[in-house]
Structures are given as structure tokens and as C-alpha cells.
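Undergrad: Have a peek at start15.json (JSON, C-alpha atoms and all ligand atoms).
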[["chain", "number", "residue", "atom", "x", "y", "z"],
["A", 1, "MET", "CA", 170.78, 185.12, 68.09],
["A", 2, "PRO", "CA", 167.66, 187.02, 69.29],
["A", 3, "LEU", "CA", 167.88, 190.61, 70.43],
["A", 4, "LEU", "CA", 166.28, 191.52, 73.74],
["A", 5, "VAL", "CA", 164.58, 194.91, 73.88],
["A", 6, "ALA", "CA", 164.25, 196.03, 77.50],
["A", 7, "GLY", "CA", 161.24, 198.27, 77.98],
["A", 8, "GLU", "CA", 160.50, 200.58, 80.87],
["A", 9, "GLY", "CA", 160.91, 199.30, 84.41],
["A", 10, "GLY", "CA", 162.27, 195.89, 83.43],
["A", 11, "GLN", "CA", 165.99, 196.58, 83.20],
["A", 12, "SER", "CA", 167.06, 194.28, 86.02],
["A", 13, "LEU", "CA", 165.03, 191.36, 84.69],
["A", 14, "ALA", "CA", 166.34, 192.06, 81.18],
["A", 15, "GLN", "CA", 169.92, 191.99, 82.43],
["A", 16, "LYS", "CA", 169.33, 188.67, 84.21],
["A", 17, "LEU", "CA", 167.77, 187.26, 81.02],
["A", 18, "ALA", "CA", 170.67, 188.51, 78.93],
["A", 19, "HIS", "CA", 173.07, 186.85, 81.36],
["A", 20, "LEU", "CA", 171.22, 183.53, 81.23],
["A", 21, "THR", "CA", 170.62, 183.41, 77.45],
["A", 22, "HIS", "CA", 173.76, 185.27, 76.31],
["A", 23, "TRP", "CA", 171.51, 187.31, 74.03],
["A", 24, "PRO", "CA", 172.37, 190.97, 73.42],
["A", 25, "VAL", "CA", 170.11, 193.52, 75.06],
["A", 26, "VAL", "CA", 169.16, 197.04, 73.98],
["A", 27, "GLY", "CA", 167.05, 199.60, 75.80],
["A", 28, "ALA", "CA", 164.20, 201.80, 74.73],
["A", 29, "GLU", "CA", 163.61, 205.52, 74.86],
["A", 30, "PHE", "CA", 160.25, 206.98, 75.84],
["A", 31, "LYS", "CA", 159.00, 210.55, 75.77],
["A", 32, "THR", "CA", 155.68, 212.10, 76.64],
["A", 33, "PHE", "CA", 154.42, 214.93, 74.43],
["A", 34, "PRO", "CA", 152.80, 217.97, 76.05],
["A", 35, "ASP", "CA", 149.34, 216.60, 75.21],
["A", 36, "GLY", "CA", 150.13, 213.33, 76.99],
["A", 37, "GLU", "CA", 150.81, 211.22, 73.91],
["A", 38, "GLU", "CA", 153.72, 208.80, 74.25],
["A", 39, "TYR", "CA", 156.68, 208.26, 71.95],
["A", 40, "ALA", "CA", 158.86, 205.14, 71.89],
["A", 41, "LYS", "CA", 162.10, 204.27, 70.14],
["A", 42, "ILE", "CA", 164.21, 201.12, 70.33],
["A", 43, "GLN", "CA", 167.83, 202.05, 71.00],
["A", 44, "GLY", "CA", 169.47, 199.97, 68.32],
["A", 45, "GLY", "CA", 168.77, 198.48, 64.91],
["A", 46, "VAL", "CA", 166.35, 195.58, 64.65],
["A", 47, "LYS", "CA", 166.29, 195.04, 60.87],
["A", 48, "GLY", "CA", 166.36, 191.33, 60.07],
["A", 49, "GLN", "CA", 166.62, 190.41, 63.74],
["A", 50, "ASP", "CA", 164.59, 188.04, 65.86],
["A", 51, "VAL", "CA", 163.41, 190.46, 68.50],
["A", 52, "VAL", "CA", 162.10, 189.73, 72.00],
["A", 53, "VAL", "CA", 160.35, 192.72, 73.55],
["A", 54, "LEU", "CA", 160.29, 192.69, 77.36],
["A", 55, "GLN", "CA", 157.83, 195.09, 78.95],
["A", 56, "THR", "CA", 155.93, 194.63, 82.15],
["A", 57, "THR", "CA", 152.57, 196.38, 82.34],
["A", 58, "TYR", "CA", 152.40, 197.92, 85.75],
["A", 59, "PRO", "CA", 151.55, 200.73, 85.99],
["A", 60, "PRO", "CA", 148.93, 199.97, 83.31],
["A", 61, "SER", "CA", 150.12, 202.91, 81.17],
["A", 62, "ARG", "CA", 153.02, 200.61, 80.33],
["A", 63, "LEU", "CA", 150.65, 198.49, 78.29],
["A", 64, "TRP", "CA", 150.60, 201.25, 75.72],
["A", 65, "LYS", "CA", 154.41, 201.41, 75.87],
["A", 66, "LEU", "CA", 154.52, 197.68, 75.17],
["A", 67, "LEU", "CA", 152.38, 198.15, 72.06],
["A", 68, "LEU", "CA", 154.54, 201.05, 70.90],
["A", 69, "LEU", "CA", 157.68, 198.89, 71.25],
["A", 70, "LEU", "CA", 156.05, 196.08, 69.29],
["A", 71, "SER", "CA", 155.19, 198.59, 66.59],
["A", 72, "ALA", "CA", 158.75, 199.95, 66.62],
["A", 73, "ALA", "CA", 160.12, 196.43, 66.12],
["A", 74, "ARG", "CA", 157.76, 195.71, 63.25],
["A", 75, "GLU", "CA", 158.08, 199.02, 61.44],
["A", 76, "ASN", "CA", 161.87, 198.86, 61.61],
["A", 77, "GLY", "CA", 162.13, 195.49, 59.94],
["A", 78, "ALA", "CA", 162.41, 192.91, 62.72],
["A", 79, "SER", "CA", 162.30, 189.45, 61.24],
["A", 80, "THR", "CA", 160.27, 187.94, 64.07],
["A", 81, "ILE", "CA", 158.79, 189.49, 67.21],
["A", 82, "ARG", "CA", 158.05, 187.75, 70.49],
["A", 83, "CYS", "CA", 157.10, 189.43, 73.69],
["A", 84, "VAL", "CA", 157.60, 188.85, 77.39],
["A", 85, "VAL", "CA", 155.07, 190.54, 79.63],
["A", 86, "PRO", "CA", 156.01, 189.37, 83.13],
["A", 87, "TYR", "CA", 152.91, 190.98, 84.65],
["A", 88, "LEU", "CA", 149.97, 191.23, 82.29],
["A", 89, "ALA", "CA", 147.68, 194.10, 83.23],
["A", 90, "TYR", "CA", 143.91, 194.02, 82.63],
["A", 91, "ALA", "CA", 143.82, 190.22, 82.96],
["A", 92, "ARG", "CA", 141.47, 190.28, 85.94],
["A", 93, "GLN", "CA", 138.52, 191.31, 83.75],
["A", 94, "ASP", "CA", 138.55, 187.94, 82.01],
["A", 95, "ARG", "CA", 134.85, 187.80, 81.26],
["A", 96, "VAL", "CA", 131.82, 190.01, 81.10],
["A", 97, "PHE", "CA", 130.57, 189.83, 84.67],
["A", 98, "LEU", "CA", 127.88, 192.50, 84.31],
["A", 99, "GLU", "CA", 125.96, 193.44, 81.19],
["A", 100, "GLY", "CA", 127.64, 196.26, 79.31],
["A", 101, "GLU", "CA", 131.18, 195.61, 80.57],
["A", 102, "ALA", "CA", 134.30, 195.52, 78.39],
["A", 103, "LEU", "CA", 136.36, 192.34, 78.23],
["A", 104, "SER", "CA", 139.79, 193.83, 78.79],
["A", 105, "ALA", "CA", 141.74, 190.55, 78.87],
["A", 106, "ARG", "CA", 140.67, 189.74, 75.30],
["A", 107, "LEU", "CA", 141.38, 193.26, 74.08],
["A", 108, "VAL", "CA", 144.92, 193.15, 75.46],
["A", 109, "ALA", "CA", 145.59, 189.70, 74.00],
["A", 110, "ASP", "CA", 144.21, 190.70, 70.60],
["A", 111, "SER", "CA", 146.35, 193.84, 70.53],
["A", 112, "ILE", "CA", 149.54, 191.94, 71.36],
["A", 113, "ARG", "CA", 148.78, 189.25, 68.79],
["A", 114, "GLN", "CA", 148.59, 191.85, 66.02],
["A", 115, "TYR", "CA", 152.35, 192.25, 66.37],
["A", 116, "ALA", "CA", 153.94, 189.40, 68.29],
["A", 117, "THR", "CA", 154.03, 185.75, 67.36],
["A", 118, "ASP", "CA", 153.77, 184.73, 71.00],
["A", 119, "CYS", "CA", 153.67, 186.02, 74.53],
["A", 120, "VAL", "CA", 155.37, 184.74, 77.66],
["A", 121, "THR", "CA", 153.89, 185.82, 80.96],
["A", 122, "VAL", "CA", 153.92, 184.77, 84.61],
["A", 123, "ASP", "CA", 151.09, 183.75, 86.96],
["A", 124, "LEU", "CA", 148.11, 185.14, 85.11],
["A", 125, "HIS", "CA", 145.27, 185.90, 87.47],
["A", 126, "LYS", "CA", 143.49, 182.99, 85.76],
["A", 127, "ASP", "CA", 145.19, 180.58, 83.39],
["A", 128, "ASP", "CA", 142.04, 180.71, 81.28],
["A", 129, "VAL", "CA", 143.15, 184.12, 79.94],
["A", 130, "ARG", "CA", 145.58, 182.24, 77.68],
["A", 131, "LYS", "CA", 142.69, 181.27, 75.44],
["A", 132, "PHE", "CA", 142.44, 184.85, 74.20],
["A", 133, "PHE", "CA", 145.93, 184.47, 72.72],
["A", 134, "GLY", "CA", 144.83, 181.55, 70.55],
["A", 135, "GLY", "CA", 147.43, 179.10, 71.81],
["A", 136, "VAL", "CA", 150.49, 181.35, 71.65],
["A", 137, "CYS", "CA", 150.77, 182.34, 75.30],
["A", 138, "GLN", "CA", 152.91, 180.60, 77.88],
["A", 139, "ASN", "CA", 151.72, 181.26, 81.40],
["A", 140, "LEU", "CA", 154.70, 180.39, 83.59],
["A", 141, "SER", "CA", 154.25, 179.47, 87.23],
["A", 142, "ALA", "CA", 156.49, 181.17, 89.78],
["A", 143, "ALA", "CA", 155.90, 178.25, 92.19],
["A", 144, "GLU", "CA", 159.46, 176.92, 92.08],
["A", 145, "PRO", "CA", 161.34, 180.16, 92.84],
["A", 146, "PHE", "CA", 158.89, 180.95, 95.65],
["A", 147, "ALA", "CA", 159.23, 177.39, 96.99],
["A", 148, "LYS", "CA", 163.02, 177.79, 97.10],
["A", 149, "GLU", "CA", 162.71, 181.06, 98.97],
["A", 150, "PHE", "CA", 160.17, 179.65, 101.45],
["A", 151, "LYS", "CA", 162.33, 176.59, 102.06],
["A", 152, "ALA", "CA", 165.32, 178.79, 102.82],
["A", 153, "LYS", "CA", 163.15, 180.68, 105.33],
["A", 154, "GLY", "CA", 161.91, 177.51, 107.02],
["A", 155, "ILE", "CA", 158.26, 178.10, 106.13],
["A", 156, "GLU", "CA", 156.06, 175.36, 107.61],
["A", 157, "VAL", "CA", 152.62, 176.44, 106.39],
["A", 158, "VAL", "CA", 151.67, 178.12, 103.08],
["A", 159, "LEU", "CA", 148.30, 179.84, 103.09],
["A", 160, "ALA", "CA", 146.17, 181.17, 100.27],
["A", 161, "PRO", "CA", 144.06, 184.21, 101.15],
["A", 162, "ASP", "CA", 141.03, 182.63, 99.49],
["A", 163, "ALA", "CA", 139.94, 179.36, 97.92],
["A", 164, "GLY", "CA", 140.68, 180.72, 94.42],
["A", 165, "ALA", "CA", 144.38, 181.01, 95.25],
["A", 166, "LEU", "CA", 144.63, 177.59, 96.90],
["A", 167, "ASP", "CA", 146.19, 175.74, 93.94],
["A", 168, "ARG", "CA", 149.19, 178.07, 93.99],
["A", 169, "ALA", "CA", 149.68, 177.66, 97.75],
["A", 170, "LYS", "CA", 149.26, 173.88, 97.47],
["A", 171, "ASP", "CA", 151.77, 173.67, 94.63],
["A", 172, "VAL", "CA", 154.41, 175.65, 96.52],
["A", 173, "ALA", "CA", 153.76, 173.82, 99.81],
["A", 174, "GLY", "CA", 154.04, 170.44, 98.03],
["A", 175, "ARG", "CA", 157.51, 171.33, 96.74],
["A", 176, "ILE", "CA", 158.88, 171.92, 100.25],
["A", 177, "GLY", "CA", 156.83, 169.48, 102.31],
["A", 178, "ALA", "CA", 154.91, 172.26, 104.06],
["A", 179, "ARG", "CA", 151.23, 172.25, 105.00],
["A", 180, "PHE", "CA", 148.74, 174.39, 103.11],
["A", 181, "ASP", "CA", 145.30, 175.81, 103.69],
["A", 182, "HIS", "CA", 143.21, 178.77, 102.64],
["A", 183, "LEU", "CA", 141.47, 181.65, 104.34],
["A", 184, "GLU", "CA", 137.99, 182.91, 103.55],
["A", 185, "LYS", "CA", 138.16, 186.28, 101.82],
["A", 186, "LYS", "CA", 135.15, 188.23, 100.71],
["A", 187, "ARG", "CA", 135.68, 191.28, 98.52],
["A", 188, "VAL", "CA", 133.31, 194.09, 99.47],
["A", 189, "SER", "CA", 134.64, 196.61, 96.91],
["A", 190, "SER", "CA", 137.80, 197.12, 94.87],
["A", 191, "ASP", "CA", 139.67, 198.35, 97.95],
["A", 192, "ILE", "CA", 137.79, 196.76, 100.85],
["A", 193, "VAL", "CA", 138.00, 193.09, 101.76],
["A", 194, "GLU", "CA", 136.61, 191.10, 104.66],
["A", 195, "MET", "CA", 138.22, 187.96, 106.00],
["A", 196, "ARG", "CA", 135.94, 185.50, 107.76],
["A", 197, "PRO", "CA", 137.53, 184.04, 110.91],
["A", 198, "LYS", "CA", 138.89, 180.54, 110.41],
["A", 199, "ALA", "CA", 140.69, 178.45, 113.01],
["A", 200, "LEU", "CA", 144.05, 177.31, 111.66],
["A", 201, "ASP", "CA", 146.78, 175.16, 113.14],
["A", 202, "VAL", "CA", 149.44, 177.85, 112.91],
["A", 203, "ALA", "CA", 150.40, 178.63, 116.52],
["A", 204, "GLY", "CA", 154.19, 178.75, 116.78],
["A", 205, "LYS", "CA", 154.56, 177.95, 113.06],
["A", 206, "LYS", "CA", 156.41, 179.95, 110.39],
["A", 207, "VAL", "CA", 153.73, 180.88, 107.89],
["A", 208, "ALA", "CA", 153.74, 182.43, 104.42],
["A", 209, "ILE", "CA", 150.64, 183.84, 102.78],
["A", 210, "LEU", "CA", 150.91, 183.63, 98.99],
["A", 211, "ASP", "CA", 148.71, 185.45, 96.48],
["A", 212, "ASP", "CA", 149.12, 186.30, 92.80],
["A", 213, "ILE", "CA", 148.88, 190.06, 93.30],
["A", 214, "ILE", "CA", 149.46, 192.43, 96.20],
["A", 215, "SER", "CA", 147.71, 195.62, 95.17],
["A", 216, "THR", "CA", 146.24, 197.75, 97.97],
["A", 217, "GLY", "CA", 147.51, 195.19, 100.48],
["A", 218, "GLY", "CA", 144.00, 194.86, 101.94],
["A", 219, "THR", "CA", 143.81, 191.11, 101.35],
["A", 220, "MET", "CA", 147.22, 190.38, 102.84],
["A", 221, "ALA", "CA", 146.71, 192.71, 105.78],
["A", 222, "LYS", "CA", 143.45, 191.02, 106.81],
["A", 223, "ALA", "CA", 145.02, 187.58, 106.41],
["A", 224, "THR", "CA", 148.07, 188.61, 108.43],
["A", 225, "GLU", "CA", 145.91, 189.95, 111.28],
["A", 226, "GLN", "CA", 144.20, 186.56, 111.53],
["A", 227, "LEU", "CA", 147.47, 184.68, 111.59],
["A", 228, "VAL", "CA", 149.08, 186.96, 114.13],
["A", 229, "ALA", "CA", 145.96, 186.61, 116.33],
["A", 230, "GLN", "CA", 146.41, 182.83, 116.08],
["A", 231, "LYS", "CA", 150.05, 183.14, 117.18],
["A", 232, "ALA", "CA", 151.76, 182.30, 113.89],
["A", 233, "VAL", "CA", 155.39, 183.44, 113.91],
["A", 234, "GLY", "CA", 157.31, 185.45, 111.31],
["A", 235, "VAL", "CA", 154.41, 185.88, 108.88],
["A", 236, "VAL", "CA", 155.71, 186.35, 105.32],
["A", 237, "CYS", "CA", 153.37, 188.24, 102.97],
["A", 238, "ALA", "CA", 154.21, 187.09, 99.45],
["A", 239, "GLY", "CA", 152.73, 188.10, 96.13],
["A", 240, "VAL", "CA", 154.01, 187.04, 92.73],
["A", 241, "HIS", "CA", 153.23, 190.51, 91.40],
["A", 242, "GLY", "CA", 153.93, 193.27, 93.91],
["A", 243, "LEU", "CA", 152.02, 196.39, 92.87],
["A", 244, "PHE", "CA", 152.11, 197.88, 96.38],
["A", 245, "MET", "CA", 149.64, 200.68, 95.79],
["A", 246, "ALA", "CA", 149.67, 203.77, 98.03],
["A", 247, "ASP", "CA", 150.04, 202.70, 101.68],
["A", 248, "ALA", "CA", 150.02, 198.92, 101.03],
["A", 249, "VAL", "CA", 153.39, 198.34, 102.68],
["A", 250, "THR", "CA", 152.44, 200.35, 105.80],
["A", 251, "LYS", "CA", 149.21, 198.35, 106.04],
["A", 252, "LEU", "CA", 151.08, 195.06, 105.89],
["A", 253, "LYS", "CA", 153.62, 196.11, 108.51],
["A", 254, "LYS", "CA", 150.90, 197.41, 110.78],
["A", 255, "ALA", "CA", 149.05, 194.10, 110.45],
["A", 256, "GLY", "CA", 152.17, 192.33, 111.73],
["A", 257, "ALA", "CA", 153.96, 191.12, 108.60],
["A", 258, "ALA", "CA", 157.49, 190.05, 109.45],
["A", 259, "GLU", "CA", 158.51, 190.16, 105.80],
["A", 260, "ILE", "CA", 157.12, 191.29, 102.46],
["A", 261, "LEU", "CA", 158.14, 189.42, 99.35],
["A", 262, "ALA", "CA", 157.43, 189.68, 95.62],
["A", 263, "SER", "CA", 158.99, 188.52, 92.37],
["A", 264, "ASP", "CA", 160.80, 190.64, 89.81],
["A", 265, "THR", "CA", 157.87, 190.66, 87.35],
["A", 266, "ILE", "CA", 157.55, 194.23, 88.64],
["A", 267, "ASP", "CA", 160.50, 196.05, 90.17],
["A", 268, "SER", "CA", 160.08, 196.97, 93.83],
["A", 269, "PRO", "CA", 162.25, 196.94, 96.95],
["A", 270, "TYR", "CA", 160.58, 193.60, 97.78],
["A", 271, "SER", "CA", 161.29, 191.86, 94.45],
["A", 272, "ARG", "CA", 163.69, 189.29, 95.84],
["A", 273, "VAL", "CA", 162.31, 186.23, 94.02],
["A", 274, "SER", "CA", 163.45, 186.04, 90.41],
["A", 275, "VAL", "CA", 161.48, 184.60, 87.52],
["A", 276, "ALA", "CA", 164.39, 185.12, 85.10],
["A", 277, "GLU", "CA", 165.34, 181.45, 84.88],
["A", 278, "LEU", "CA", 161.76, 180.44, 84.12],
["A", 279, "ILE", "CA", 161.47, 183.02, 81.37],
["A", 280, "ALA", "CA", 164.88, 182.23, 79.88],
["A", 281, "HIS", "CA", 163.95, 178.57, 79.72],
["A", 282, "ALA", "CA", 160.56, 179.31, 78.16],
["A", 283, "LEU", "CA", 162.12, 181.54, 75.51],
["A", 284, "THR", "CA", 164.93, 179.21, 74.59],
["A", 285, "VAL", "CA", 163.00, 175.93, 74.40],
["A", 286, "THR", "CA", 160.33, 177.37, 72.14],
["A", 287, "SER", "CA", 162.34, 179.73, 69.95],
["A", 288, "ALA", "CA", 162.84, 177.24, 67.15],
["A", 289, "ALA", "CA", 159.12, 176.60, 66.86],
["A", 290, "ARG", "CA", 158.14, 180.22, 66.20],
["A", 291, "THR", "CA", 156.88, 181.16, 62.78],
["A", 292, "ARG", "CA", 157.52, 184.44, 61.00],
["A", 293, "TRP", "CA", 154.71, 186.94, 60.76],
["A", 301, "LIG", "C1", 142.29, 189.12, 93.46],
["A", 301, "LIG", "O1", 141.47, 188.30, 93.12],
["A", 301, "LIG", "C2", 143.75, 188.84, 93.51],
["A", 301, "LIG", "O2", 144.03, 187.48, 93.49],
["A", 301, "LIG", "C3", 144.37, 189.47, 94.73],
["A", 301, "LIG", "O3", 143.90, 188.83, 95.88],
["A", 301, "LIG", "C4", 144.04, 190.93, 94.80],
["A", 301, "LIG", "O4", 144.37, 191.56, 93.60],
["A", 301, "LIG", "C5", 144.76, 191.58, 95.96],
["A", 301, "LIG", "O5", 144.34, 192.90, 96.01],
["A", 301, "LIG", "P1", 144.57, 193.80, 97.28],
["A", 301, "LIG", "O6", 146.02, 193.78, 97.61],
["A", 301, "LIG", "O7", 144.09, 195.15, 96.83],
["A", 301, "LIG", "O8", 143.70, 193.26, 98.37]]
The structure in this file should be written as C-alpha cells.
TA:
Amino acid sequence: MPLLVAGEGGQSLAQKLAHLTHWPVVGAEFKTFPDGEEYAKIQGGVKGQDVVVLQTTYPPSRLWKLLLLLSAARENGASTIRCVVPYLAYARQDRVFLEGEALSARLVADSIRQYATDCVTVDLHKDDVRKFFGGVCQNLSAAEPFAKEFKAKGIEVVLAPDAGALDRAKDVAGRIGARFDHLEKKRVSSDIVEMRPKALDVAGKKVAILDDIISTGGTMAKATEQLVAQKAVGVVCAGVHGLFMADAVTKLKKAGAAEILASDTIDSPYSRVSVAELIAHALTVTSAARTRW
């Protein structure tokens, strides 16, 4: 029976996974040395065990903690190592856009592959990032748990903040018989977005805006302002990965959000949609196929 190693910030998801799979779970200990270097230790023996390391990577410093845990599993004799990274940091830089840039998505995938036989993650910014893992990455879609939540809330329209996020909105809307559409976002800089006006048939309708990430909240806030101006009711701002940087939540409330929602890929007070069942299923149906490193 595999052993789950729960890294930093993922205890509640680890407990849900342990409950669903009946696998034992152990924690991890981290320390920071005076010079800023990190130390990690798995709290329990892993020798001869099939180990599943669970570590989300927000804030991005947790990426290093993930690698340390993978090293701890390997150096202490784990038989096999798999990893679950519910939110994969650095995936947005998935190609060299400008000459001279680093390709962080490949670097992260390469680093993980040095230690783990496979990686399970949720709603990558672009599914294409999987190619850097050479076929051993499952990118799970959180569409079903969000669809369930939207259905329970009586959502009638699911909106993507831009055309790039439309497939996700369409998928979720299709599962609950809601309408879908997208807004027209233009990113001016990493923390400033513009939203071109677009007439939508949302007056009097319960609307959810769904994106992969809520970071500064700028995208959602602009989208919410448009919907409120067009008399949508009870606007739900939903992001699969809720980073909620700085004053993101205040921004969303000020824009008129009736509710803020995220999944438990990252713990936050808004993480009410769980991806645990998806991950448990992904881990259990593929466990037999894993090879030893
Ligand atoms: C970007 O392409 C992503 O899909 C999100 O729209 C973006 O990360 C949201 O960022 P923010 O909350 O800072 O507007």
C-alpha cells in the first residue's frame, strides 16, 4: 500500500486523499537555516515503500520544498516515488516568448522527473506543458467538481475572462446545461489588465466567472465590474487555483463579487471545491502501471 507524504500547506487535501484511498499518510518537517537554506525531513520511514509525495507549489518557494521531499524519499530508500503537485508553479512560462528568456515550465518538469516516475497535477495553465514531462504527467480537469458546485448554486451562465479560458467555461457549462461565453481581456502588464466592453445576455441571471488562476484578482475584478454593470445577479468569481495575492479579495468584493470560490489545490478560506476525488482516482487507476526508477 503506498505511503502518502504530505508536504507543506497540503494537509487538508492529504487527509481527504488518505480517507479516499485508505493509504497511510505521514507529514514532513521543514526548517530554514539562518542563511535562508531550507531543510526537509519526511516524518516516517520510507525504505522499500511506494511513496507518493504531495506538495503544492504556491508560494513558489514550495517548489524547492517539493524537490527536497523527492530527494528525501529517494535517499531514504523508497521503492518507487510518484508526486502530486495540485498547483504547478512556473507553468505559465511554457515557451520562450522573448529572446533570452528561460523556459521555466521545462526546467520544473525536468527537475521533478529526475526523482519521480510520474506527476499528477490539476488544470495546468496550458495542457501543452505536459509534454515537458515526457508522457508521465496527468493533467486533471477540475471541471466536474466546479460544475457540481455551480449547479448547486443555480448558475445559469459560465463566463471565461478571455478566449483562452473558454474551453474550461464551456466544459463546466455543458455539464450543467448553462450558457457560456467569454470576455475580452487584454493584459497590459503582470498586474494590470484591461477588459474590453462586451454586451452579454446576463441581466437578471446568476453568473459565474471561471479562470484557472486568481492571482492579483485584476482579471476577475474587471470581469465582475462588467457583469455587475450589465445587471447580472450574484456574480461568483471562481478560480481553480486561488493564489489571492495582496489585496485580491478586497478588489473582488469592491468590484461586486457576491462570492469567491477556489479549489483545494492551494489552501485558502475560499477553497470550497475539492479535487481530492479526482486525484485519488488518478493515483489508484494508474498505480499498477508505474515502473521502478
Ligand atoms: C492568465 O493567463 C491566467 O489564466 C489568469 O487569468 C491570470 O493568472 C489571473 O491573474 P490576475 O488575477 O493577476 O489577473
Undergrad: My list of candidates is A:Ile260, A:Val202, A:Val193, A:Ala232. Which is closest to ligand LIG 301 (chain A) when distances are computed with all atoms listed in the file?
TA: A:Val193
Undergrad: At a cut-off of 6 Å around ligand LIG 301 (chain A), and using all atoms listed in the file, what residues come up? Please write them as a PDB file with C-alpha atoms, in the frame of the given file.
TA:
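Produced file selection-v7.pdb, reproduced below:
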ATOM      1  CA  ASP A 191     139.670 198.350  97.950  1.00  0.00           C
ATOM      2  CA  ASP A 211     148.710 185.450  96.480  1.00  0.00           C
ATOM      3  CA  ASP A 212     149.120 186.300  92.800  1.00  0.00           C
ATOM      4  CA  ILE A 213     148.880 190.060  93.300  1.00  0.00           C
ATOM      5  CA  ILE A 214     149.460 192.430  96.200  1.00  0.00           C
ATOM      6  CA  SER A 215     147.710 195.620  95.170  1.00  0.00           C
ATOM      7  CA  THR A 216     146.240 197.750  97.970  1.00  0.00           C
ATOM      8  CA  GLY A 217     147.510 195.190 100.480  1.00  0.00           C
ATOM      9  CA  GLY A 218     144.000 194.860 101.940  1.00  0.00           C
ATOM     10  CA  THR A 219     143.810 191.110 101.350  1.00  0.00           C
TER      11      THR A 219
END
Undergrad: Using all atoms listed in the file, which residue out of A:Lys170, A:His125, A:Leu283, A:Lys254 lies closest to Val53 in chain A?
TA: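 Comparing A:Lys170, A:His125, A:Leu283, A:Lys254 against Val53 in chain A, the winner is A:Leu283.
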Undergrad: Can you report as AutoDock Vina command-line options the centre and edge lengths in Å, to one decimal, of an axis-aligned box around the listed atoms of range 169-180 of chain A padded with 4 Å on each side?
TA:
--center_x 153.8 --center_y 173.6 --center_z 99.8 --size_x 18.1 --size_y 16.2 --size_z 18.4
Undergrad: Go through A:Glu101, A:Ala199, A:Ala221, A:Val275 one by one, measure the shortest atom-to-atom distance of each to Asp247 in chain A using only C-alpha atoms, and give the residue with the smallest value.
TA: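 Under the stated criterion, the closest residue is A:Ala221.
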Undergrad: With a distance cut-off of 10 Å and all atoms listed in the file, select the neighbouring residues of Thr57 in chain A, excluding the residue or stretch itself and same-chain residues fewer than 6 positions from it, and output the selection as a PyMOL selection string.
TA: chain A and resi 7-10+63-66+85-90+265-266
Undergrad: Under the rule that only C-alpha atoms are counted, which of A:Lys31, A:Ala169, A:Lys253, A:Ile192 is the nearest residue to Val240 in chain A?
TA: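 Looking only at the distances to Val240 in chain A, the closest residue turns out to be A:Ala169.
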Undergrad: Which distance in Å separates CA of Lys151 in chain A and CA of Gly177 in chain A, to one decimal?
TA: 9.0 Å
